[in-house]
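For reference, coords.tsv is printed below; it contains TSV, C-alpha atoms.
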chain	number	residue	atom	x	y	z
U	735	HIS	CA	1.98	0.42	-21.39
U	736	LEU	CA	2.86	0.99	-17.79
U	737	LYS	CA	3.46	3.98	-15.59
U	738	LEU	CA	4.93	3.97	-12.09
U	739	ILE	CA	3.94	6.63	-9.58
U	740	SER	CA	5.01	6.87	-5.95
U	741	ILE	CA	1.86	7.75	-4.00
U	742	SER	CA	2.58	7.58	-0.30
U	743	ILE	CA	5.10	8.38	2.32
U	744	ILE	CA	6.39	5.86	4.79
U	745	ALA	CA	3.47	4.45	6.76
U	746	CYS	CA	5.52	3.67	9.84
U	747	LEU	CA	9.12	2.95	10.55
U	748	PHE	CA	9.87	-0.14	12.61
U	749	THR	CA	11.76	1.72	15.30
U	750	ALA	CA	11.00	3.59	18.49
U	751	ALA	CA	10.84	6.74	16.34
U	752	CYS	CA	7.16	6.01	15.60
U	753	SER	CA	6.30	7.15	19.10
U	754	THR	CA	8.90	9.93	19.38
U	755	PRO	CA	7.77	13.54	18.80
U	756	SER	CA	8.34	14.39	15.15
U	757	ASN	CA	10.26	17.61	15.89
U	758	ASN	CA	13.17	15.53	17.29
U	759	VAL	CA	13.32	12.99	14.45
U	760	ILE	CA	14.59	13.47	10.93
U	761	THR	CA	13.18	10.84	8.58
U	762	THR	CA	13.58	10.19	4.89
U	763	ARG	CA	11.40	7.91	2.83
U	764	ALA	CA	12.60	5.03	0.71
U	765	LYS	CA	13.32	5.93	-2.91
U	766	THR	CA	13.30	3.61	-5.88
U	767	LYS	CA	16.40	2.96	-7.92
U	768	PRO	CA	14.60	3.17	-11.30
U	769	SER	CA	17.17	1.14	-13.21
U	770	THR	CA	16.47	-1.88	-10.99
U	771	CYS	CA	12.70	-2.00	-11.52
U	772	GLY	CA	11.40	-4.44	-14.07
U	773	HIS	CA	9.17	-3.39	-16.92
U	774	PRO	CA	6.49	-6.06	-16.96
U	775	ARG	CA	4.82	-7.09	-20.14
U	776	TYR	CA	1.13	-6.48	-20.37
U	777	PRO	CA	-0.43	-9.92	-19.85
U	778	ARG	CA	-1.61	-11.19	-23.25
U	779	ALA	CA	-4.94	-12.34	-21.90
U	780	SER	CA	-5.47	-8.90	-20.35
U	781	LEU	CA	-4.68	-7.21	-23.66
U	782	ALA	CA	-7.07	-9.52	-25.52
U	783	ALA	CA	-9.80	-8.76	-22.96
U	784	ASN	CA	-8.99	-5.01	-23.07
U	785	GLU	CA	-8.40	-5.00	-19.31
U	786	THR	CA	-7.06	-1.72	-17.94
U	787	GLY	CA	-6.76	-0.29	-14.46
U	788	VAL	CA	-4.73	1.10	-11.62
U	789	VAL	CA	-3.14	-1.03	-8.91
U	790	ASP	CA	-1.52	0.24	-5.72
U	791	VAL	CA	1.15	-2.12	-4.41
U	792	SER	CA	2.38	-1.80	-0.81
U	793	LEU	CA	6.01	-2.79	-0.44
U	794	HIS	CA	7.81	-3.74	2.75
U	795	ILE	CA	11.34	-2.46	2.16
U	796	SER	CA	14.25	-3.67	4.24
U	797	LYS	CA	16.92	-1.41	5.69
U	798	GLU	CA	19.16	-2.85	2.94
U	799	GLY	CA	16.78	-1.49	0.27
U	800	ARG	CA	15.26	-4.81	-0.84
U	801	VAL	CA	11.57	-5.62	-1.16
U	802	ILE	CA	10.74	-8.30	1.40
U	803	GLU	CA	6.96	-8.36	1.10
U	804	THR	CA	4.25	-7.05	-1.23
U	805	ASN	CA	0.51	-6.56	-0.75
U	806	ILE	CA	-2.16	-5.23	-3.08
U	807	ALA	CA	-3.40	-2.06	-1.36
U	808	SER	CA	-5.90	-1.21	-4.10
U	809	SER	CA	-6.82	-3.57	-6.94
U	810	SER	CA	-7.14	-2.74	-10.61
U	811	GLY	CA	-10.09	-5.09	-10.64
U	812	TYR	CA	-8.07	-7.72	-12.54
U	813	GLN	CA	-5.97	-10.31	-10.73
U	814	ARG	CA	-3.61	-10.72	-13.71
U	815	LEU	CA	-2.77	-7.01	-13.75
U	816	ASP	CA	-2.41	-6.88	-9.97
U	817	SER	CA	-0.09	-9.89	-9.72
U	818	THR	CA	2.03	-8.78	-12.69
U	819	ALA	CA	2.56	-5.35	-11.14
U	820	ALA	CA	3.39	-6.83	-7.72
U	821	GLN	CA	5.84	-9.29	-9.26
U	822	ALA	CA	7.63	-6.49	-11.13
U	823	MET	CA	7.91	-4.43	-7.95
U	824	ARG	CA	9.56	-7.31	-6.07
U	825	ALA	CA	12.58	-6.84	-8.36
U	826	CYS	CA	13.02	-3.15	-7.49
U	827	GLU	CA	15.79	-1.97	-5.23
U	828	PHE	CA	15.51	1.10	-3.04
U	829	VAL	CA	17.61	3.62	-1.22
U	830	PRO	CA	16.21	2.72	2.22
U	831	ALA	CA	14.28	5.01	4.51
U	832	THR	CA	16.23	6.53	7.38
U	833	VAL	CA	15.59	7.83	10.87
U	834	ASN	CA	18.24	10.26	12.05
U	835	GLY	CA	20.60	8.98	9.37
U	836	VAL	CA	20.17	5.27	10.20
U	837	ALA	CA	18.61	2.97	7.58
U	838	VAL	CA	15.36	1.32	8.71
U	839	ASP	CA	12.69	-1.01	7.35
U	840	SER	CA	9.67	0.84	5.96
U	841	TRP	CA	6.53	0.52	3.87
U	842	GLU	CA	6.05	2.36	0.59
U	843	THR	CA	3.09	2.27	-1.80
U	844	LEU	CA	3.61	2.50	-5.54
U	845	ARG	CA	0.95	2.84	-8.22
U	846	TRP	CA	1.00	1.02	-11.56
U	847	ILE	CA	-1.27	2.30	-14.31
U	848	TRP	CA	-2.21	-0.20	-16.98
U	849	HIS	CA	-3.67	1.15	-20.22
U	850	THR	CA	-3.73	-0.12	-23.78
U	851	LYS	CA	-2.98	3.13	-25.61
Spell out the structure here as structure tokens.
Amino acid sequence: HLKLISISIIACLFTAACSTPSNNVITTRAKTKPSTCGHPRYPRASLAANETGVVDVSLHISKEGRVIETNIASSSGYQRLDSTAAQAMRACEFVPATVNGVAVDSWETLRWIWHTK
């Protein structure tokens, strides 16, 4: 079983807005398009070993809403669970983050919870 939770706001936008006073900038964070995210199968070896855990996956999201890079921000403690979650997140599409109405690249962190019941 798998549960997806968005846990962070945009870390930094790749524009000059990062250094602009926040009261002059209107930003929105990237949002997942749930129907585009894969539903990974629990790795069989992980099920057999009763491996469970939580993995935080950092996603570099393009201004077109595509995942262009993933990193494990916090491991579940099991490489199989971490890589399966990251692979599933690569398939997700997003409504991109914006700065003053203009789409920008951003980073978002999503949490996958792996449990056997």
Distance query U:Thr804 at most 7 Å, all atoms listed in the file, self and fewer than 6 positions along chain excluded, as an MDAnalysis selection string: chainID U and resid 791:794 820
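Proximity ranking of U:Glu798, U:Ala831, U:Ala807, U:Lys767 relative to U:Arg845 places U:Ala807 first, based on only C-alpha atoms.
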Length of the atom CA of U:Leu815 to atom CA of U:Lys797 vector [Å]: 28.2 Å
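If you look at atom CA of U:Pro768 and atom CA of U:Ser817, they are 19.7 Å away from each other.
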Between atom CA of U:Trp846 and atom CA of U:Thr786 - distance in Å to one decimal: 10.6 Å
Point (10.1, -10.1, -1.7), cut-off 12 Å, counting only C-alpha atoms, residues as a PyMOL selection string: chain U and resi 792-796+799-805+820-827
Contact residues around U:Pro777 with only C-alpha atoms at 10 Å, ignoring same-chain residues under 6 positions, as a ChimeraX atom specification: /U:783,785,814-815,818
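With distances taken over all atoms listed in the file, U:Ala819 is the one residue among U:Val829, U:Glu842, U:Ala819, U:Gly835 lying closest to U:Gly772.
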Near-U:Ser809 list (9 Å; only C-alpha atoms; drop same-chain fewer than 3 positions) as a PyMOL selection string: chain U and resi 787-791+806+812-813+815-816
